[in-house]
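The file input-v6.txt contains compact mmCIF, C-alpha atoms:
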```txt
# COMPACT_ATOMS: atom_id res chain seq x y z
CA MET V 1255 -2.85 -30.97 9.05
CA GLY V 1256 -5.01 -30.24 12.06
CA ASN V 1257 -2.47 -27.72 13.17
CA TRP V 1258 -2.45 -26.06 9.76
CA MET V 1259 -6.25 -25.76 9.67
CA ASN V 1260 -6.14 -24.39 13.13
CA SER V 1261 -3.65 -21.63 12.48
CA GLN V 1262 -5.68 -20.37 9.52
CA GLN V 1263 -8.44 -19.34 11.87
CA LEU V 1264 -6.29 -17.65 14.46
CA SER V 1265 -5.97 -13.90 14.69
CA ASP V 1266 -2.62 -12.21 14.03
CA ARG V 1267 -2.11 -11.67 17.75
CA GLU V 1268 -2.86 -15.31 18.57
CA LEU V 1269 -0.37 -16.39 15.94
CA MET V 1270 2.23 -14.05 17.42
CA GLN V 1271 1.68 -15.63 20.85
CA ARG V 1272 2.67 -18.92 19.24
CA VAL V 1273 5.60 -17.39 17.37
CA LEU V 1274 6.92 -16.27 20.76
CA LYS V 1275 7.09 -19.96 21.63
CA ASN V 1276 9.08 -20.59 18.42
CA ASP V 1277 6.12 -22.12 16.57
CA PHE V 1278 7.23 -22.05 12.93
CA ASP V 1279 3.83 -23.10 11.57
CA ALA V 1280 2.28 -20.08 13.18
CA PHE V 1281 5.04 -17.93 11.75
CA GLU V 1282 4.46 -19.31 8.27
CA SER V 1283 0.75 -18.56 8.58
CA LEU V 1284 1.62 -14.94 9.24
CA VAL V 1285 4.00 -14.98 6.27
CA ASN V 1286 1.26 -16.31 4.03
CA ARG V 1287 -1.19 -13.76 5.32
CA TYR V 1288 1.03 -10.76 4.56
CA LYS V 1289 3.56 -11.66 1.90
CA VAL V 1290 1.55 -10.84 -1.23
CA LYS V 1291 0.22 -7.52 0.07
CA LEU V 1292 3.62 -6.42 1.34
CA PHE V 1293 5.41 -7.64 -1.77
CA ASN V 1294 3.16 -5.60 -4.04
CA LEU V 1295 3.55 -2.51 -1.91
CA ILE V 1296 7.34 -2.80 -1.71
CA TYR V 1297 7.71 -3.68 -5.38
CA ARG V 1298 5.75 -0.62 -6.44
CA MET V 1299 7.92 1.55 -4.23
CA VAL V 1300 11.33 0.21 -5.32
CA GLY V 1301 10.48 -0.91 -8.85
CA ILE V 1302 12.71 -4.00 -8.97
CA LYS V 1303 11.29 -7.41 -8.15
CA GLU V 1304 14.47 -9.02 -6.79
CA GLU V 1305 15.04 -6.08 -4.51
CA ALA V 1306 11.44 -6.09 -3.34
CA GLU V 1307 11.80 -9.75 -2.45
CA ASP V 1308 14.98 -9.10 -0.47
CA ILE V 1309 13.23 -6.37 1.51
CA LEU V 1310 10.24 -8.66 2.03
CA GLN V 1311 12.51 -11.39 3.36
CA GLU V 1312 14.27 -8.95 5.66
CA THR V 1313 10.88 -7.77 6.94
CA PHE V 1314 9.90 -11.27 8.03
CA LEU V 1315 13.37 -11.99 9.44
CA ARG V 1316 12.97 -8.92 11.61
CA VAL V 1317 9.47 -9.93 12.67
CA PHE V 1318 10.98 -13.17 13.89
CA SER V 1319 14.13 -11.83 15.46
CA GLU V 1320 12.27 -8.96 17.12
CA ARG V 1321 9.25 -11.03 18.17
CA GLU V 1322 9.94 -10.31 21.83
CA SER V 1323 9.59 -6.59 21.25
CA TYR V 1324 6.15 -6.76 19.61
CA ASP V 1325 3.69 -4.86 21.80
CA PHE V 1326 0.38 -6.72 21.89
CA LYS V 1327 -1.47 -3.45 22.58
CA TYR V 1328 -0.99 -2.55 18.93
CA GLN V 1329 -2.27 -4.25 15.82
CA PHE V 1330 0.17 -6.67 14.27
CA SER V 1331 -0.56 -5.27 10.81
CA THR V 1332 0.60 -1.81 11.87
CA TRP V 1333 3.81 -3.24 13.29
CA ILE V 1334 4.74 -5.29 10.23
CA TYR V 1335 3.88 -2.43 7.86
CA THR V 1336 6.11 -0.11 9.89
CA ILE V 1337 9.01 -2.54 9.57
CA ALA V 1338 8.46 -3.06 5.84
CA LEU V 1339 8.09 0.67 5.15
CA ASN V 1340 11.21 1.58 7.11
CA LEU V 1341 13.28 -0.97 5.24
CA THR V 1342 11.87 0.25 1.94
CA LYS V 1343 12.63 3.86 2.78
CA ASN V 1344 16.18 2.98 3.78
CA GLU V 1345 16.64 1.37 0.39
CA LEU V 1346 15.28 4.43 -1.40
CA LYS V 1347 17.51 6.71 0.66
CA LYS V 1348 20.53 4.59 -0.19
CA ARG V 1349 19.66 4.96 -3.85
CA ASN V 1350 19.42 8.70 -3.58
CA ARG V 1351 22.90 8.79 -2.09
CA TYR V 1352 24.22 6.77 -5.01
CA LYS V 1353 22.43 9.03 -7.41
CA PHE V 1354 24.11 12.00 -5.75
CA LEU V 1355 27.46 10.36 -6.42
CA GLY V 1356 26.50 9.91 -10.03
CA ILE V 1357 25.95 6.18 -9.83
CA GLU V 1358 22.71 5.10 -11.42
CA PHE V 1359 21.10 2.34 -9.42
CA LEU V 1360 18.01 1.64 -11.44
CA PRO V 1361 18.20 -0.21 -14.71
CA LYS V 1362 17.45 2.05 -17.63
CA GLU V 1363 13.92 1.71 -18.84
CA LYS V 1364 13.87 -1.08 -21.35
CA SER V 1365 12.80 -0.17 -24.84
CA TYR V 1366 9.12 -0.85 -24.79
CA VAL V 1367 8.01 -3.74 -26.92
CA GLU V 1368 4.81 -3.03 -28.78
CA VAL V 1369 2.27 -5.69 -28.07
CA GLU V 1370 -1.38 -5.83 -28.83
CA PHE V 1371 -3.21 -4.30 -25.89
CA ASN V 1372 -6.90 -3.93 -25.63
CA ASP V 1373 -8.23 -0.68 -24.16
CA LYS V 1374 -8.47 -1.92 -20.59
CA GLU V 1375 -5.00 -3.46 -20.65
CA ARG V 1376 -3.55 -0.28 -22.05
CA LEU V 1377 -5.30 1.65 -19.32
CA SER V 1378 -3.96 -0.54 -16.51
CA TYR V 1379 -0.47 -0.30 -18.00
CA PHE V 1380 -0.82 3.46 -17.98
CA LEU V 1381 -2.19 3.35 -14.44
CA GLU V 1382 0.86 1.43 -13.17
CA LYS V 1383 3.17 3.80 -14.97
CA THR V 1384 1.47 6.87 -13.55
CA ILE V 1385 1.61 5.45 -10.01
CA SER V 1386 5.29 4.63 -10.40
CA LYS V 1387 6.04 8.23 -11.30
CA MET V 1388 4.25 9.73 -8.31
CA PRO V 1389 6.44 11.39 -5.66
CA ASP V 1390 7.24 8.83 -2.92
CA LYS V 1391 5.37 10.58 -0.13
CA TYR V 1392 2.11 10.49 -2.09
CA LYS V 1393 2.76 7.09 -3.60
CA GLU V 1394 3.18 5.33 -0.27
CA VAL V 1395 -0.06 6.58 1.30
CA PHE V 1396 -1.94 6.04 -1.93
CA LEU V 1397 -0.78 2.42 -2.24
CA LEU V 1398 -1.46 1.73 1.43
CA ARG V 1399 -4.99 3.05 1.09
CA ASP V 1400 -6.13 2.05 -2.38
CA LEU V 1401 -4.06 -1.05 -3.10
CA ASN V 1402 -3.56 -2.52 0.37
CA GLN V 1403 -6.88 -1.20 1.65
CA LEU V 1404 -5.56 -0.08 5.02
CA SER V 1405 -7.72 2.31 7.03
CA TYR V 1406 -6.55 5.92 7.36
CA GLU V 1407 -5.86 5.24 11.05
CA GLU V 1408 -3.69 2.22 10.27
CA ILE V 1409 -1.71 4.24 7.71
CA SER V 1410 -1.21 7.05 10.18
CA GLU V 1411 0.11 4.61 12.79
CA SER V 1412 2.29 2.66 10.37
CA LEU V 1413 3.98 5.77 9.04
CA GLY V 1414 3.93 7.74 12.27
CA ILE V 1415 2.33 10.77 10.63
CA PRO V 1416 -0.87 12.62 11.66
CA LEU V 1417 -4.23 11.42 10.38
CA GLY V 1418 -4.95 14.74 8.68
CA THR V 1419 -1.69 14.54 6.76
CA VAL V 1420 -2.55 11.02 5.59
CA LYS V 1421 -5.97 12.16 4.37
CA SER V 1422 -4.67 15.16 2.49
CA ARG V 1423 -1.86 13.16 0.88
CA VAL V 1424 -4.27 10.45 -0.26
CA ASN V 1425 -6.52 13.15 -1.69
CA ARG V 1426 -3.58 14.80 -3.44
CA ALA V 1427 -2.42 11.48 -4.88
CA ARG V 1428 -5.87 10.72 -6.25
CA LEU V 1429 -6.03 14.17 -7.84
CA ILE V 1430 -2.66 13.60 -9.52
CA LEU V 1431 -3.80 10.24 -10.81
CA ARG V 1432 -7.14 11.53 -12.06
CA LYS V 1433 -5.52 14.37 -13.93
CA LYS V 1434 -3.21 11.99 -15.80
CA LEU V 1435 -5.72 9.24 -16.26
CA LYS V 1436 -8.86 11.11 -17.21
CA PRO V 1437 -8.10 11.55 -20.91
CA LYS V 1438 -7.28 7.86 -21.17
CA MET V 1439 -10.35 6.75 -19.27
CA GLU V 1440 -12.91 8.46 -21.41
CA GLY V 1441 -12.99 5.97 -24.23
CA VAL V 1442 -12.98 2.98 -21.96
CA TYR V 1443 -15.56 3.97 -19.42
CA GLU V 1444 -17.62 6.39 -21.49
CA LEU V 1445 -17.38 9.13 -18.95
CA SER V 1446 -18.74 11.66 -21.34
CA LYS V 1447 -21.36 14.20 -20.39
CA GLY V 1448 -24.24 12.09 -21.56
CA SER V 1449 -23.37 9.02 -19.51
CA THR V 1450 -25.71 8.08 -16.74
CA ILE V 1451 -24.52 7.79 -13.19
CA PRO V 1452 -25.34 4.54 -11.43
CA VAL V 1453 -28.06 5.07 -8.85
CA LYS V 1454 -26.12 3.26 -6.15
CA LEU V 1455 -23.41 5.90 -6.38
CA LEU V 1456 -25.86 8.67 -5.60
CA MET C 543 -22.95 22.62 0.36
CA ASN C 544 -21.84 24.19 -2.90
CA CYS C 545 -19.40 22.89 -5.53
CA ARG C 546 -16.42 24.55 -3.91
CA LYS C 547 -17.13 23.01 -0.50
CA VAL C 548 -17.93 19.60 -1.94
CA ARG C 549 -14.82 19.40 -4.10
CA PRO C 550 -12.34 18.18 -1.44
CA TYR C 551 -14.65 15.27 -0.60
CA LEU C 552 -15.13 13.97 -4.12
CA SER C 553 -11.98 11.86 -4.22
CA SER C 554 -13.08 9.92 -1.16
CA TYR C 555 -16.77 9.76 -1.94
CA TYR C 556 -16.67 6.11 -2.94
CA GLU C 557 -15.20 5.10 0.38
CA GLN C 558 -17.71 4.01 2.94
CA ASP C 559 -16.53 6.01 5.85
CA PHE C 560 -16.67 9.73 6.18
CA PRO C 561 -18.90 11.93 8.32
CA GLU C 562 -19.88 14.56 5.76
CA LYS C 563 -21.14 12.02 3.26
CA GLU C 564 -24.84 12.84 3.61
CA GLU C 565 -24.31 16.51 2.83
CA VAL C 566 -22.10 15.74 -0.14
CA GLU C 567 -24.71 13.30 -1.39
CA LYS C 568 -27.38 16.00 -1.37
CA HIS C 569 -25.21 18.17 -3.57
CA LEU C 570 -24.36 15.36 -5.99
CA LYS C 571 -28.04 14.68 -6.60
CA LYS C 572 -28.48 18.10 -8.09
CA CYS C 573 -25.03 18.76 -9.59
CA GLN C 574 -24.16 16.62 -12.58
CA ARG C 575 -20.62 17.94 -12.91
CA CYS C 576 -19.58 17.06 -9.36
CA ALA C 577 -21.41 13.74 -9.59
CA LEU C 578 -19.44 12.88 -12.69
CA GLU C 579 -16.21 13.75 -10.98
CA ALA C 580 -17.10 11.52 -8.02
CA LEU C 581 -17.86 8.76 -10.49
CA GLU C 582 -14.44 9.14 -12.09
CA PHE C 583 -12.76 8.79 -8.71
CA SER C 584 -14.81 5.72 -7.96
CA LYS C 585 -13.84 4.12 -11.28
CA MET C 586 -10.24 4.92 -10.56
CA GLY C 587 -10.45 3.39 -7.11
CA GLU C 588 -11.92 0.26 -8.64
CA MET C 589 -9.10 0.07 -11.16
CA VAL C 590 -6.46 0.35 -8.47
CA LYS C 591 -8.20 -2.29 -6.38
CA ASN C 592 -8.11 -4.58 -9.38
CA ILE C 593 -4.43 -4.10 -10.16
CA LYS C 594 -2.89 -7.48 -10.82
CA MET C 595 -1.21 -8.64 -7.63
CA LEU C 596 2.20 -10.18 -8.17
CA GLU C 597 3.42 -13.19 -6.22
CA PRO C 598 6.86 -13.50 -4.66
CA SER C 599 8.91 -16.50 -5.87
CA PHE C 600 7.36 -19.89 -5.29
CA ASP C 601 10.17 -20.86 -2.88
CA PHE C 602 10.00 -17.65 -0.84
CA ASN C 603 8.73 -19.35 2.35
CA GLN C 604 11.22 -22.16 2.04
CA LYS C 605 14.20 -19.82 1.69
CA LEU C 606 12.97 -17.67 4.55
CA LEU C 607 12.43 -20.57 6.92
CA VAL C 608 15.82 -22.08 6.10
CA LYS C 609 17.42 -18.76 6.91
CA ILE C 610 15.59 -18.51 10.22
CA LYS C 611 16.17 -22.11 11.28
CA GLU C 612 19.77 -22.50 10.16
CA ALA C 613 21.53 -19.56 11.69
CA PRO C 614 19.92 -18.62 14.95
CA TYR C 615 18.86 -15.22 13.79
CA GLN C 616 20.71 -12.59 15.72
CA GLN C 617 19.03 -9.60 17.28
CA LYS C 618 19.73 -6.83 14.86
CA ASP C 619 20.25 -3.22 15.53
CA ILE C 620 16.90 -1.78 14.57
CA LYS C 621 17.09 1.63 16.12
CA GLU C 622 15.10 3.17 13.32
CA LEU C 623 12.11 1.03 14.26
CA GLU C 624 11.98 2.10 17.87
CA PRO C 625 9.56 4.82 18.83
CA LYS C 626 11.37 8.06 19.22
CA THR C 627 11.43 9.20 22.82
CA PHE C 628 12.85 12.52 23.81
CA PHE C 629 13.99 13.28 27.28
CA PRO C 630 14.04 16.99 28.00
CA LEU C 631 17.39 18.20 29.22
CA ARG C 632 17.48 19.77 32.61
```

Since I need it in another form, could you write the structure as C-alpha cells?
Amino acid sequence: MGNWMNSQQLSDRELMQRVLKNDFDAFESLVNRYKVKLFNLIYRMVGIKEEAEDILQETFLRVFSERESYDFKYQFSTWIYTIALNLTKNELKKRNRYKFLGIEFLPKEKSYVEVEFNDKERLSYFLEKTISKMPDKYKEVFLLRDLNQLSYEEISESLGIPLGTVKSRVNRARLILRKKLKPKMEGVYELSKGSTIPVKLL
Amino acid sequence: MNCRKVRPYLSSYYEQDFPEKEEVEKHLKKCQRCALEALEFSKMGEMVKNIKMLEPSFDFNQKLLVKIKEAPYQQKDIKELEPKTFFPLR
C-alpha cells in the first residue's frame, strides 16, 4: 500500500527509473496515468475499440521492452505518444493497402438506431462524427491538442513535424469543425447576433 | 489589427498562450463579428474537452502484466521509432 501511494506522487521520469529496475508497480502507475488518454486518441483514429485496445497494449509492451532505450533528456509523454502514434499510423497504412486490394477492413456503418437525444447529446454525437471524418493529418493534431491537451511543442516533438506546421494544422482542423458544427450549435448555445459575449472572454 | 489580420488568431483565442493575444483582444473589444467568432471557437473547444472519455476493458492492466511477466518480452524490431539519422556519403 505504501508503495502504491508512493508511486502516485512520482514523476514519469522517476517511475521510469524504477521500471528500469523491473519494478512492475511503477510500470502499472505509468499505465494508469496514460491508458485512458492514449486509448481515446487511438480509438478516435482507428474507429474500432478492440483494435484500439490492441494498439494500446502494444504501446505499453514496447515501453517495457524498450525501456533501456528511453532517453531521460526527453519527456516521457513525448516518447510514449510517439510510440502510440507510430503504431496507429502503421495500422492505418495497413488498412489503406487492403483497401487498395479491394478488401474492406472497416465494418460497414451500422444502420443508425433512432433514440431520443436532447440537443446537447445530438450535438456531441455530431461532433464525434465530424471529427471522425476529418482527414487523418488534421485529426491527429486536433485530438492531441484539444482532446489530450498536449502543448504545441509536445505535439511537434511527438510527431516529428515543425511547430509551425502543427499550429497551422490545428487551426485548419478547428476551421473545418466550426464550419460543420456552426449550424448545429446555434440553437443550443444561442450564438445569434443578439447574444452577449461573456466579459471574461474579452 | 484589422479583421483580416485578426482572423488567423481567432481559433486559438481561448487558449492561454500566444504572444499576439493583447492586440487581438483590442480588436475584439470593438468588433462584434470577430468576437462572436472567437466565442464560437471557445465553445467548440469546451465541447471537445468535455467529450466522454472511454475506458479500456476493466482487465486491461491484468492482461498486459500477464503478457509482460509470462514471456520475457523480446526486444522487437522498432526501426520506425528510431530517430532518423542520415550520414552524408563521401

Would you list the contacts of segment 565-580 of chain C as a ChimeraX atom specification, taking every protein, DNA or RNA residue within 7 Å and counting all atoms listed in the file, but skipping same-chain residues closer than 4 positions in sequence?
/V:1456 /C:543-545,548,552-553,555,584

Go ahead and save the picked residues with C-alpha atoms, as a PDB file, in the coordinates of the input.
```pdb
ATOM      1  CA  LEU V1456     -25.860   8.670  -5.600  1.00  0.00           C
TER       2      LEU V1456
ATOM      3  CA  MET C 543     -22.950  22.620   0.360  1.00  0.00           C
ATOM      4  CA  ASN C 544     -21.840  24.190  -2.900  1.00  0.00           C
ATOM      5  CA  CYS C 545     -19.400  22.890  -5.530  1.00  0.00           C
ATOM      6  CA  VAL C 548     -17.930  19.600  -1.940  1.00  0.00           C
ATOM      7  CA  LEU C 552     -15.130  13.970  -4.120  1.00  0.00           C
ATOM      8  CA  SER C 553     -11.980  11.860  -4.220  1.00  0.00           C
ATOM      9  CA  TYR C 555     -16.770   9.760  -1.940  1.00  0.00           C
ATOM     10  CA  SER C 584     -14.810   5.720  -7.960  1.00  0.00           C
TER      11      SER C 584
END
```

Enumerate, as an NGL selection string, the protein, DNA and RNA residues whose atoms approach (4.6, -5.4, 0.8) to within 12 Å, taking into account only C-alpha atoms and the coordinate frame of the file.
(:V and (1285-1300 or 1303 or 1305-1314 or 1331 or 1334-1342 or 1394 or 1397-1398 or 1401-1402)) or (:C and (595-598))

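Proximity ranking of V:Arg1399, V:Arg1351, V:Arg1267, V:Arg1428 relative to chain C places V:Arg1428 first, based on only C-alpha atoms.
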
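When all atoms listed in the file are used to compute distances to chain C, the closest of the residues V:Phe1318, V:Asp1266, V:Asp1373, V:Lys1327 turns out to be V:Phe1318.
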
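Atom CA of Arg1423 of chain V is positioned 18.2 Å from atom CA of Lys547 of chain C.
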
Quick one: pull the distance between atom CA of Tyr551 of chain C and atom CA of Lys1393 of chain V, Å, one decimal.
19.5 Å

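Between atom CA of Lys1436 of chain V and atom CA of Glu1382 of chain V there is a distance of 14.3 Å.
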
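Distances here use all atoms listed in the file; by that measure, the residue among V:Asp1277, V:Arg1349, V:Leu1431, V:Thr1332 closest to Thr1384 of chain V is V:Leu1431.
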
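Ranking V:Gly1301, V:Ala1280, V:Leu1264, V:Gly1414 by their shortest atom-to-atom distance to Asp1390 of chain V, with all atoms listed in the file included, puts V:Gly1301 first.
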